[in-house]
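Participant: Let me begin by handing over the structure; questions about it come next.
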Amino acid sequence: MAEAETEAKATGGRGAQLERSGLRHGWTTGACATAATTAAYTALLSGDFPDPVTIELPKGQRPAFALAAEEPAADHAMAAVVKDAGDDPDVTHGALVRATVRALPPGSGVVFRAGPGVGTVTRPGLPLPVGEPAINPVPRQMMRDHIAAVAARHGGSGDVEIEISVDHGEEIARSTWNPRLGILGGLSILGTTGIVVPYSCSAWIDSIRRGVDVARAAGRRHVAGCTGSTSEKVAVAVHGLPQDALLDMGDFAGAVLKYLRRHPVDRLTVAGGFAKLSKLAAGHLDLHSARSQVDKVFLADLARRGGADEKLAEAVATANTGLQTVQLCSARGVPLGDLVAAAARDTALGVLRGAPVAVDVICIDRAGTIVGRAEPRGPRER
């Protein structure tokens with residue numbers, strides 16, 4: 001676990017949000033790996049493990065990490081830190097991150113290895129070449145910087161092999177995007193700031209971005225952003241898309257659209273439950289129930305445009321659930337599902353701001369039955 005030195009209070013952004021929430025921030029796997037590496041290399045040169053070990057993060061914070069395990073040897077040293085994600089529901093919370101450091105001949109530089117529980121990149125499109133350990137660029141630089149600082153203090157050359165491993169990492173990775181992204185054998189060592197902000201959902205959004213990168217690198221020109229596994233299956237059935245063209249969008253429609261605006265593909269299919277996509281139709285980009293609600297008055301107005309009389313529109317406005325609204329309309333021949341899909345497509349095209357991406361939308365019910373569709377339309381067809 002780690003404690004941070006006192007910092008100035010944030011006045012805006014995520015820091016201020018965290019202070020107002022009262023939630024405790026945590027530390028990325030990259031920060032944990034850097035702390036373990038720093039302790040191991042210090043012990044390799046000096047014979048003593050610093051405990052706690054203090055590191056400096058990219059934005060200047062200096063947290064101190066307690067060591068959970070240490071192992072000195074003649075030709076290497078290993079130190080381990082427990083990942084503390086704070087109040088964020090991170091699947092890696094509590095994982096034991098180990099760093100084993102071995103001296104290399106002068107001029108070798110810093111070499112990274114994937115130990116047990118850390119994945120290897122097997123597909124292009126990620127920020128690392130195929131065949132490399134899944135240790136992202138910022139954590140690599142953090143470790144290089146700390147190796148250099150330790151070498152300067154203790155008279156080392158700074159030429160080392162760093163093997164990062166995570167206990168039970170391969171099992172934990174099954175709950176992440178890694179298998180789909182082509183990162184096999186375990187977890188990724190992640191982080192750009194070293195800090196995990198509770199409920200920021202930054203890891204999920206980063207995974208969406210990496211998913212787009214992988215699809216583009218594989219030459220996919222048609223991708224699908226899906227709210228869940230059922231809608232994913234429907235998108236595959238309708239369009240025959242391969243796994244690496246599927247984006248686990250979840251509630252983050254805005255993240256998909258904003259990234260595709262800068263990194264376009266020819267076509268995007270948005271697939272999801274009717275209720276969630278009705279929120280997108282109403283202009284919401286975060287579809288989580290805590291941050292947006294189904295607007296049944298909006299749905300009633302759509303129903304009127306589709307030919308609903310006032311009695312039916314009132315029934316839609318007072319329905320118990322979003323899905324009930326589409327069922328009521330379907331029974332009266334009003335294509336509310338199609339109207340929602342078309343409005344969701346229009347919202348998506350608005351966020352894309354003229355990027356050369358054609359968008360189609362598929363709305364489904366809980367069983368995976370399609371209840372609404374909007375055919376592909378691009379920026380010039382709006």
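Following the order of the structure tokens, first chain is A, next is B, and so on, with residues numbered from 1 inside each chain and ligands from 1 in the order they appear.
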Report as JSON lines the residues of region 160-207 of chain A within 10 Å of region 243-246 of chain A, each with its shortest atom pair and distance in Å (one decimal), using only C-alpha atoms, ordered by chain and increasing residue number.

Facilitator:
```
{"residue": "A:Arg180", "atom": "CA", "partner": "A:Asp244", "partner_atom": "CA", "distance": 6.5}
{"residue": "A:Leu181", "atom": "CA", "partner": "A:Asp244", "partner_atom": "CA", "distance": 7.0}
{"residue": "A:Gly182", "atom": "CA", "partner": "A:Asp244", "partner_atom": "CA", "distance": 8.7}
```

Participant: May I have the residues within 7 Å of Ser231 (chain A) as a PyMOL selection string, using only C-alpha atoms and disregarding those fewer than 2 positions away in the same chain?

Facilitator: chain A and resi 226-229+233-235+271-272+364+368

Participant: Would you export the selected residues with N, CA, C and O atoms as a short mmCIF file (atom, residue, chain, number, x, y, z; two decimals), in the first residue's frame, please?

Facilitator:
```cif
data_model
loop_
_atom_site.label_atom_id
_atom_site.label_comp_id
_atom_site.auth_asym_id
_atom_site.auth_seq_id
_atom_site.Cartn_x
_atom_site.Cartn_y
_atom_site.Cartn_z
N CYS A 226 -20.70 -1.71 -28.93
CA CYS A 226 -21.82 -2.46 -28.35
C CYS A 226 -21.91 -2.20 -26.85
O CYS A 226 -20.90 -2.10 -26.16
N THR A 227 -23.14 -2.13 -26.36
CA THR A 227 -23.33 -1.84 -24.94
C THR A 227 -23.17 -3.07 -24.06
O THR A 227 -23.03 -2.93 -22.84
N GLY A 228 -23.19 -4.26 -24.63
CA GLY A 228 -23.05 -5.47 -23.83
C GLY A 228 -22.88 -6.69 -24.72
O GLY A 228 -22.83 -6.59 -25.95
N SER A 229 -22.80 -7.85 -24.08
CA SER A 229 -22.51 -9.07 -24.82
C SER A 229 -23.65 -9.48 -25.74
O SER A 229 -23.43 -10.03 -26.82
N LYS A 233 -23.38 -9.93 -29.87
CA LYS A 233 -23.76 -11.11 -30.65
C LYS A 233 -24.67 -10.73 -31.82
O LYS A 233 -24.56 -11.29 -32.91
N VAL A 234 -25.57 -9.79 -31.58
CA VAL A 234 -26.46 -9.36 -32.65
C VAL A 234 -25.66 -8.66 -33.75
O VAL A 234 -25.88 -8.91 -34.94
N ALA A 235 -24.71 -7.81 -33.38
CA ALA A 235 -23.89 -7.12 -34.38
C ALA A 235 -23.11 -8.11 -35.23
O ALA A 235 -22.97 -7.95 -36.44
N ALA A 271 -24.73 -0.69 -31.44
CA ALA A 271 -25.71 -1.72 -31.10
C ALA A 271 -25.90 -1.75 -29.59
O ALA A 271 -24.92 -1.73 -28.84
N GLY A 272 -27.15 -1.80 -29.17
CA GLY A 272 -27.39 -1.84 -27.73
C GLY A 272 -28.84 -1.99 -27.39
O GLY A 272 -29.73 -1.98 -28.26
N ILE A 364 -32.02 -3.40 -29.51
CA ILE A 364 -32.51 -4.74 -29.20
C ILE A 364 -33.25 -4.73 -27.86
O ILE A 364 -33.13 -3.80 -27.07
N GLY A 368 -32.37 -10.05 -27.06
CA GLY A 368 -31.53 -9.93 -28.25
C GLY A 368 -32.33 -9.78 -29.53
O GLY A 368 -31.75 -9.78 -30.63
#
```

Participant: Extract, using only C-alpha atoms, all DNA, RNA and protein residues at most 10 Å from Ala68 (chain A), discarding same-chain residues fewer than 2 positions from it, and format them as a PDB file with all heavy atoms, in the first residue's frame.

Facilitator:
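File written: out-v9.pdb
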```pdb
ATOM      1  N   MET A   1       0.838  -1.186   0.000  1.00  0.00           N
ATOM      2  CA  MET A   1       0.000   0.000   0.000  1.00  0.00           C
ATOM      3  C   MET A   1       0.878   1.243   0.000  1.00  0.00           C
ATOM      4  O   MET A   1       2.067   1.166   0.253  1.00  0.00           O
ATOM      5  CB  MET A   1      -0.916   0.004   1.229  1.00  0.00           C
ATOM      6  CG  MET A   1      -1.758  -1.247   1.347  1.00  0.00           C
ATOM      7  SD  MET A   1      -2.954  -1.379  -0.001  1.00  0.00           S
ATOM      8  CE  MET A   1      -3.711  -2.941   0.404  1.00  0.00           C
ATOM      9  N   ALA A  36       8.302  -1.326  -7.056  1.00  0.00           N
ATOM     10  CA  ALA A  36       8.962  -2.616  -6.839  1.00  0.00           C
ATOM     11  C   ALA A  36      10.322  -2.655  -7.525  1.00  0.00           C
ATOM     12  O   ALA A  36      11.310  -3.169  -6.977  1.00  0.00           O
ATOM     13  CB  ALA A  36       8.066  -3.746  -7.339  1.00  0.00           C
ATOM     14  N   ASP A  51      12.188   0.263   2.579  1.00  0.00           N
ATOM     15  CA  ASP A  51      10.802  -0.103   2.894  1.00  0.00           C
ATOM     16  C   ASP A  51      10.273   0.860   3.959  1.00  0.00           C
ATOM     17  O   ASP A  51      10.729   0.797   5.098  1.00  0.00           O
ATOM     18  CB  ASP A  51      10.728  -1.540   3.390  1.00  0.00           C
ATOM     19  CG  ASP A  51       9.296  -2.053   3.519  1.00  0.00           C
ATOM     20  OD1 ASP A  51       8.372  -1.321   3.106  1.00  0.00           O
ATOM     21  OD2 ASP A  51       9.116  -3.172   4.028  1.00  0.00           O
ATOM     22  N   PRO A  52       9.382   1.763   3.599  1.00  0.00           N
ATOM     23  CA  PRO A  52       8.738   1.907   2.292  1.00  0.00           C
ATOM     24  C   PRO A  52       9.690   2.502   1.261  1.00  0.00           C
ATOM     25  O   PRO A  52      10.692   3.113   1.603  1.00  0.00           O
ATOM     26  CB  PRO A  52       7.584   2.851   2.570  1.00  0.00           C
ATOM     27  CG  PRO A  52       8.051   3.689   3.708  1.00  0.00           C
ATOM     28  CD  PRO A  52       8.879   2.772   4.565  1.00  0.00           C
ATOM     29  N   PHE A  65       5.529   3.360  -0.994  1.00  0.00           N
ATOM     30  CA  PHE A  65       4.902   2.042  -1.077  1.00  0.00           C
ATOM     31  C   PHE A  65       5.566   1.084  -0.093  1.00  0.00           C
ATOM     32  O   PHE A  65       6.809   0.974  -0.054  1.00  0.00           O
ATOM     33  CB  PHE A  65       5.049   1.459  -2.492  1.00  0.00           C
ATOM     34  CG  PHE A  65       4.286   2.205  -3.547  1.00  0.00           C
ATOM     35  CD1 PHE A  65       4.754   3.422  -4.029  1.00  0.00           C
ATOM     36  CD2 PHE A  65       3.104   1.702  -4.065  1.00  0.00           C
ATOM     37  CE1 PHE A  65       4.062   4.113  -5.003  1.00  0.00           C
ATOM     38  CE2 PHE A  65       2.401   2.402  -5.038  1.00  0.00           C
ATOM     39  CZ  PHE A  65       2.879   3.608  -5.505  1.00  0.00           C
ATOM     40  N   ALA A  66       4.755   0.389   0.687  1.00  0.00           N
ATOM     41  CA  ALA A  66       5.273  -0.667   1.555  1.00  0.00           C
ATOM     42  C   ALA A  66       5.563  -1.907   0.725  1.00  0.00           C
ATOM     43  O   ALA A  66       4.814  -2.230  -0.205  1.00  0.00           O
ATOM     44  CB  ALA A  66       4.260  -0.988   2.642  1.00  0.00           C
ATOM     45  N   GLU A  70      10.151  -9.485  -0.494  1.00  0.00           N
ATOM     46  CA  GLU A  70      11.483  -9.147  -0.979  1.00  0.00           C
ATOM     47  C   GLU A  70      12.347 -10.403  -1.013  1.00  0.00           C
ATOM     48  O   GLU A  70      12.165 -11.310  -0.196  1.00  0.00           O
ATOM     49  CB  GLU A  70      12.129  -8.064  -0.116  1.00  0.00           C
ATOM     50  CG  GLU A  70      12.167  -8.397   1.361  1.00  0.00           C
ATOM     51  CD  GLU A  70      12.636  -7.219   2.206  1.00  0.00           C
ATOM     52  OE1 GLU A  70      12.016  -6.144   2.119  1.00  0.00           O
ATOM     53  OE2 GLU A  70      13.625  -7.403   2.961  1.00  0.00           O
ATOM     54  N   ALA A  79      11.435  -7.535  -5.509  1.00  0.00           N
ATOM     55  CA  ALA A  79      10.583  -6.844  -4.546  1.00  0.00           C
ATOM     56  C   ALA A  79       9.164  -6.842  -5.085  1.00  0.00           C
ATOM     57  O   ALA A  79       8.948  -6.881  -6.305  1.00  0.00           O
ATOM     58  CB  ALA A  79      11.071  -5.410  -4.312  1.00  0.00           C
ATOM     59  N   ALA A  80       8.188  -6.793  -4.177  1.00  0.00           N
ATOM     60  CA  ALA A  80       6.779  -6.846  -4.584  1.00  0.00           C
ATOM     61  C   ALA A  80       5.961  -5.832  -3.804  1.00  0.00           C
ATOM     62  O   ALA A  80       6.238  -5.550  -2.641  1.00  0.00           O
ATOM     63  CB  ALA A  80       6.213  -8.250  -4.380  1.00  0.00           C
ATOM     64  N   VAL A  81       4.934  -5.311  -4.478  1.00  0.00           N
ATOM     65  CA  VAL A  81       4.025  -4.313  -3.913  1.00  0.00           C
ATOM     66  C   VAL A  81       2.595  -4.768  -4.188  1.00  0.00           C
ATOM     67  O   VAL A  81       2.300  -5.289  -5.269  1.00  0.00           O
ATOM     68  CB  VAL A  81       4.280  -2.927  -4.563  1.00  0.00           C
ATOM     69  CG1 VAL A  81       3.170  -1.948  -4.222  1.00  0.00           C
ATOM     70  CG2 VAL A  81       5.635  -2.380  -4.136  1.00  0.00           C
ATOM     71  N   VAL A  82       1.711  -4.567  -3.215  1.00  0.00           N
ATOM     72  CA  VAL A  82       0.296  -4.877  -3.408  1.00  0.00           C
ATOM     73  C   VAL A  82      -0.383  -3.690  -4.090  1.00  0.00           C
ATOM     74  O   VAL A  82      -0.267  -2.551  -3.640  1.00  0.00           O
ATOM     75  CB  VAL A  82      -0.403  -5.189  -2.074  1.00  0.00           C
ATOM     76  CG1 VAL A  82      -1.915  -5.345  -2.284  1.00  0.00           C
ATOM     77  CG2 VAL A  82       0.177  -6.448  -1.448  1.00  0.00           C
ATOM     78  N   LEU A  96      -0.664  -8.710  -6.420  1.00  0.00           N
ATOM     79  CA  LEU A  96       0.737  -8.582  -6.014  1.00  0.00           C
ATOM     80  C   LEU A  96       1.588  -8.390  -7.262  1.00  0.00           C
ATOM     81  O   LEU A  96       1.677  -9.278  -8.109  1.00  0.00           O
ATOM     82  CB  LEU A  96       1.192  -9.820  -5.251  1.00  0.00           C
ATOM     83  CG  LEU A  96       2.551  -9.707  -4.541  1.00  0.00           C
ATOM     84  CD1 LEU A  96       2.474  -8.684  -3.410  1.00  0.00           C
ATOM     85  CD2 LEU A  96       2.991 -11.059  -4.004  1.00  0.00           C
ATOM     86  N   VAL A  97       2.201  -7.209  -7.372  1.00  0.00           N
ATOM     87  CA  VAL A  97       3.028  -6.857  -8.526  1.00  0.00           C
ATOM     88  C   VAL A  97       4.491  -7.034  -8.127  1.00  0.00           C
ATOM     89  O   VAL A  97       4.963  -6.393  -7.188  1.00  0.00           O
ATOM     90  CB  VAL A  97       2.769  -5.408  -8.972  1.00  0.00           C
ATOM     91  CG1 VAL A  97       3.628  -5.054 -10.184  1.00  0.00           C
ATOM     92  CG2 VAL A  97       1.287  -5.206  -9.290  1.00  0.00           C
ATOM     93  N   ARG A  98       5.201  -7.890  -8.845  1.00  0.00           N
ATOM     94  CA  ARG A  98       6.598  -8.203  -8.524  1.00  0.00           C
ATOM     95  C   ARG A  98       7.529  -7.649  -9.594  1.00  0.00           C
ATOM     96  O   ARG A  98       7.194  -7.654 -10.777  1.00  0.00           O
ATOM     97  CB  ARG A  98       6.814  -9.725  -8.455  1.00  0.00           C
ATOM     98  CG  ARG A  98       5.968 -10.454  -7.420  1.00  0.00           C
ATOM     99  CD  ARG A  98       6.211 -11.962  -7.516  1.00  0.00           C
ATOM    100  NE  ARG A  98       5.358 -12.711  -6.604  1.00  0.00           N
ATOM    101  CZ  ARG A  98       5.729 -13.105  -5.379  1.00  0.00           C
ATOM    102  NH1 ARG A  98       6.953 -12.814  -4.946  1.00  0.00           N
ATOM    103  NH2 ARG A  98       4.895 -13.776  -4.625  1.00  0.00           N
TER     104      ARG A  98
END
```

Participant: Using only C-alpha atoms, which of the listed residues (A:Ile362, A:Ala315, A:Ala203, A:Leu260) sits closest to Val91 (chain A)?

Facilitator: A:Ala203

Participant: Of the candidates A:Val297, A:Val150, A:Ile208, A:Ala218, which one gets nearest to Thr122 (chain A) if we count only C-alpha atoms?

Facilitator: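 Of A:Val297, A:Val150, A:Ile208, A:Ala218, the one nearest Thr122 (chain A) is A:Ala218, counting only C-alpha atoms.
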
Participant: Would you please work out which residue, of A:Leu323, A:Ile164, A:Ala152, A:Leu285, is nearest to Thr37 (chain A) when using only C-alpha atoms?

Facilitator: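 Among the listed residues, the smallest separation from Thr37 (chain A) belongs to A:Ile164.
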
Participant: Give me, please, the distance in Å between CA of Asp213 (chain A) and CA of Arg123 (chain A), quoted to one decimal.

Facilitator: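 So the answer is 10.5 Å.
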
Participant: Apply DSSP to the backbone of this structure and, from region 6-217 of chain A, keep only the residues in strand (DSSP E); write these as number ranges by chain.

Facilitator: A: 26-27, 53-54, 64-65, 69-72, 76-82, 96-103, 110-114, 117-118, 120-121, 160-166, 183-184, 186-187, 195-196

Participant: Please measure the separation of CA of Gly350 (chain A) and CA of Gly240 (chain A), giving the value in Å to one decimal.

Facilitator: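 About the pair CA of Gly350 (chain A) and CA of Gly240 (chain A): they are 26.7 Å apart.
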
Participant: Give me, as a ChimeraX atom specification, all polymer residues having an atom no more than 12 Å from Ala73 (chain A), counting only C-alpha atoms and skipping those fewer than 6 positions away in the same chain.

Facilitator: /A:40-41,43-45,47-48,79,100-103

Participant: Please write the residues from the selection above to a file, keeping N, CA and C atoms, as a CSV table (one decimal), in the first residue's frame.

Facilitator:
```csv
chain,number,residue,atom,x,y,z
A,40,ALA,N,13.9,-3.2,-5.7
A,40,ALA,CA,14.8,-4.3,-6.1
A,40,ALA,C,16.2,-3.9,-6.6
A,41,TYR,N,16.2,-2.8,-7.4
A,41,TYR,CA,17.5,-2.4,-7.9
A,41,TYR,C,18.4,-1.8,-6.8
A,43,ALA,N,18.3,-2.7,-3.7
A,43,ALA,CA,18.8,-3.9,-3.0
A,43,ALA,C,19.9,-4.6,-3.7
A,44,LEU,N,19.8,-4.6,-5.0
A,44,LEU,CA,20.8,-5.3,-5.8
A,44,LEU,C,22.2,-4.6,-5.7
A,45,LEU,N,22.1,-3.2,-5.6
A,45,LEU,CA,23.4,-2.4,-5.6
A,45,LEU,C,23.9,-2.2,-4.1
A,47,GLY,N,22.4,-3.9,-1.1
A,47,GLY,CA,22.2,-5.0,-0.2
A,47,GLY,C,21.0,-4.7,0.7
A,48,ASP,N,20.4,-3.6,0.6
A,48,ASP,CA,19.2,-3.3,1.5
A,48,ASP,C,18.0,-2.9,0.7
A,79,ALA,N,11.4,-7.5,-5.5
A,79,ALA,CA,10.6,-6.8,-4.5
A,79,ALA,C,9.2,-6.8,-5.1
A,100,THR,N,11.6,-8.3,-10.7
A,100,THR,CA,12.9,-8.9,-10.5
A,100,THR,C,13.9,-8.2,-11.4
A,101,VAL,N,15.0,-7.7,-10.8
A,101,VAL,CA,16.0,-6.9,-11.5
A,101,VAL,C,17.3,-7.7,-11.5
A,102,ARG,N,17.8,-7.8,-12.7
A,102,ARG,CA,19.1,-8.5,-12.9
A,102,ARG,C,20.1,-7.5,-13.6
A,103,ALA,N,21.4,-7.5,-13.2
A,103,ALA,CA,22.4,-6.7,-13.8
A,103,ALA,C,22.7,-7.3,-15.2
```

Participant: I'd like to know which residues of region 50-289 of chain A are helix (DSSP H, G or I) (by DSSP, run on the backbone); could you write them as a ChimeraX atom specification?

Facilitator: /A:137-154,169-173,178-181,202-217,229-239,243-245,253-262,274-281

Participant: With C-alpha atoms retained, export the selected residues as a short mmCIF file (atom, residue, chain, number, x, y, z; two decimals), in the first residue's frame.

Facilitator:
```cif
data_model
loop_
_atom_site.label_atom_id
_atom_site.label_comp_id
_atom_site.auth_asym_id
_atom_site.auth_seq_id
_atom_site.Cartn_x
_atom_site.Cartn_y
_atom_site.Cartn_z
CA PRO A 137 5.36 3.27 -22.58
CA VAL A 138 4.81 5.57 -19.57
CA PRO A 139 5.47 2.86 -16.95
CA ARG A 140 8.57 1.83 -18.94
CA GLN A 141 9.85 5.41 -18.84
CA MET A 142 9.09 5.68 -15.13
CA MET A 143 11.11 2.54 -14.48
CA ARG A 144 14.00 3.72 -16.66
CA ASP A 145 14.09 7.05 -14.82
CA HIS A 146 14.13 5.39 -11.41
CA ILE A 147 16.77 2.87 -12.48
CA ALA A 148 18.97 5.79 -13.58
CA ALA A 149 18.41 7.61 -10.29
CA VAL A 150 19.25 4.53 -8.21
CA ALA A 151 22.35 3.87 -10.34
CA ALA A 152 23.53 7.45 -9.77
CA ARG A 153 23.08 7.11 -5.99
CA HIS A 154 24.75 3.73 -5.63
CA GLY A 169 -2.41 -12.17 -13.45
CA GLU A 170 -3.40 -14.55 -16.22
CA GLU A 171 -6.60 -15.41 -14.36
CA ILE A 172 -7.38 -11.73 -13.61
CA ALA A 173 -6.77 -10.80 -17.26
CA ASN A 178 -6.59 -8.09 -23.01
CA PRO A 179 -7.55 -11.34 -24.79
CA ARG A 180 -9.57 -9.45 -27.41
CA LEU A 181 -6.77 -6.91 -27.92
CA SER A 202 -10.41 5.90 -17.51
CA ALA A 203 -9.27 2.30 -17.93
CA TRP A 204 -12.44 1.37 -19.82
CA ILE A 205 -12.20 4.42 -22.05
CA ASP A 206 -8.53 3.70 -22.69
CA SER A 207 -9.50 0.15 -23.67
CA ILE A 208 -12.05 1.54 -26.14
CA ARG A 209 -9.33 3.64 -27.73
CA ARG A 210 -6.92 0.73 -27.91
CA GLY A 211 -9.70 -1.37 -29.44
CA VAL A 212 -10.12 1.18 -32.24
CA ASP A 213 -6.34 1.22 -32.74
CA VAL A 214 -6.20 -2.57 -33.00
CA ALA A 215 -9.12 -2.67 -35.45
CA ARG A 216 -7.53 -0.02 -37.66
CA ALA A 217 -4.14 -1.74 -37.57
CA SER A 229 -22.51 -9.07 -24.82
CA THR A 230 -26.05 -9.59 -26.19
CA SER A 231 -25.84 -6.61 -28.54
CA GLU A 232 -22.36 -7.76 -29.54
CA LYS A 233 -23.76 -11.11 -30.65
CA VAL A 234 -26.46 -9.36 -32.65
CA ALA A 235 -23.89 -7.12 -34.38
CA VAL A 236 -21.87 -10.20 -35.33
CA ALA A 237 -24.96 -11.99 -36.60
CA VAL A 238 -26.12 -9.02 -38.66
CA HIS A 239 -22.78 -7.87 -40.07
CA GLN A 243 -13.76 -10.16 -32.86
CA ASP A 244 -11.16 -7.45 -33.37
CA ALA A 245 -13.80 -5.17 -34.92
CA ALA A 253 -20.86 6.09 -26.38
CA GLY A 254 -19.13 9.45 -26.29
CA ALA A 255 -15.71 7.86 -25.88
CA VAL A 256 -16.22 5.75 -29.00
CA LEU A 257 -17.51 8.63 -31.10
CA LYS A 258 -14.91 11.18 -30.01
CA TYR A 259 -12.03 8.79 -30.67
CA LEU A 260 -13.42 7.79 -34.08
CA ARG A 261 -13.76 11.48 -34.89
CA ARG A 262 -9.95 11.69 -34.71
CA PHE A 274 -33.39 0.02 -26.54
CA ALA A 275 -33.39 1.92 -23.22
CA LYS A 276 -29.69 2.78 -23.38
CA LEU A 277 -29.84 3.86 -27.00
CA SER A 278 -32.90 5.99 -26.28
CA LYS A 279 -30.57 8.02 -24.05
CA LEU A 280 -28.15 8.43 -26.94
CA ALA A 281 -31.10 9.44 -29.11
#
```

Participant: Could you name the residues that touch Pro106 (chain A) at 10 Å or less, counting only C-alpha atoms, but leaving out those on the same chain fewer than 6 positions away, as an MDAnalysis selection string?

Facilitator: chainID A and resid 156:160

Participant: Residues near Ala39 (chain A), anyone? I mean within 7 Å using only C-alpha atoms, not counting same-chain ones fewer than 6 positions away, as a list of chain:residue names.

Facilitator: A:Phe49, A:Pro50, A:Val53, A:Ala79

Participant: Quick one, how far is CA of Ala95 (chain A) from CA of His168 (chain A)?

Facilitator: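 Separating CA of Ala95 (chain A) from CA of His168 (chain A) is a distance of 7.8 Å.
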
Participant: Taking only C-alpha atoms into account, name the residue in A:Ala224, A:Val340, A:Ala355, A:Ala348 that is nearest to Gly372 (chain A).

Facilitator: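 Using only C-alpha atoms, Gly372 (chain A) sits closest to A:Val340.
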
Participant: Measuring between only C-alpha atoms, which one of A:Asn320, A:Glu310, A:Ala300, A:Ile370 shows the shortest distance to Leu336 (chain A)?

Facilitator: A:Ala300

Participant: Give the answer as one residue: which of A:Gln324, A:Thr42, A:Thr192, A:Thr318 has the shortest atom-to-atom distance to Arg366 (chain A), using only C-alpha atoms?

Facilitator: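 Using only C-alpha atoms, the shortest distance to Arg366 (chain A) belongs to A:Gln324.
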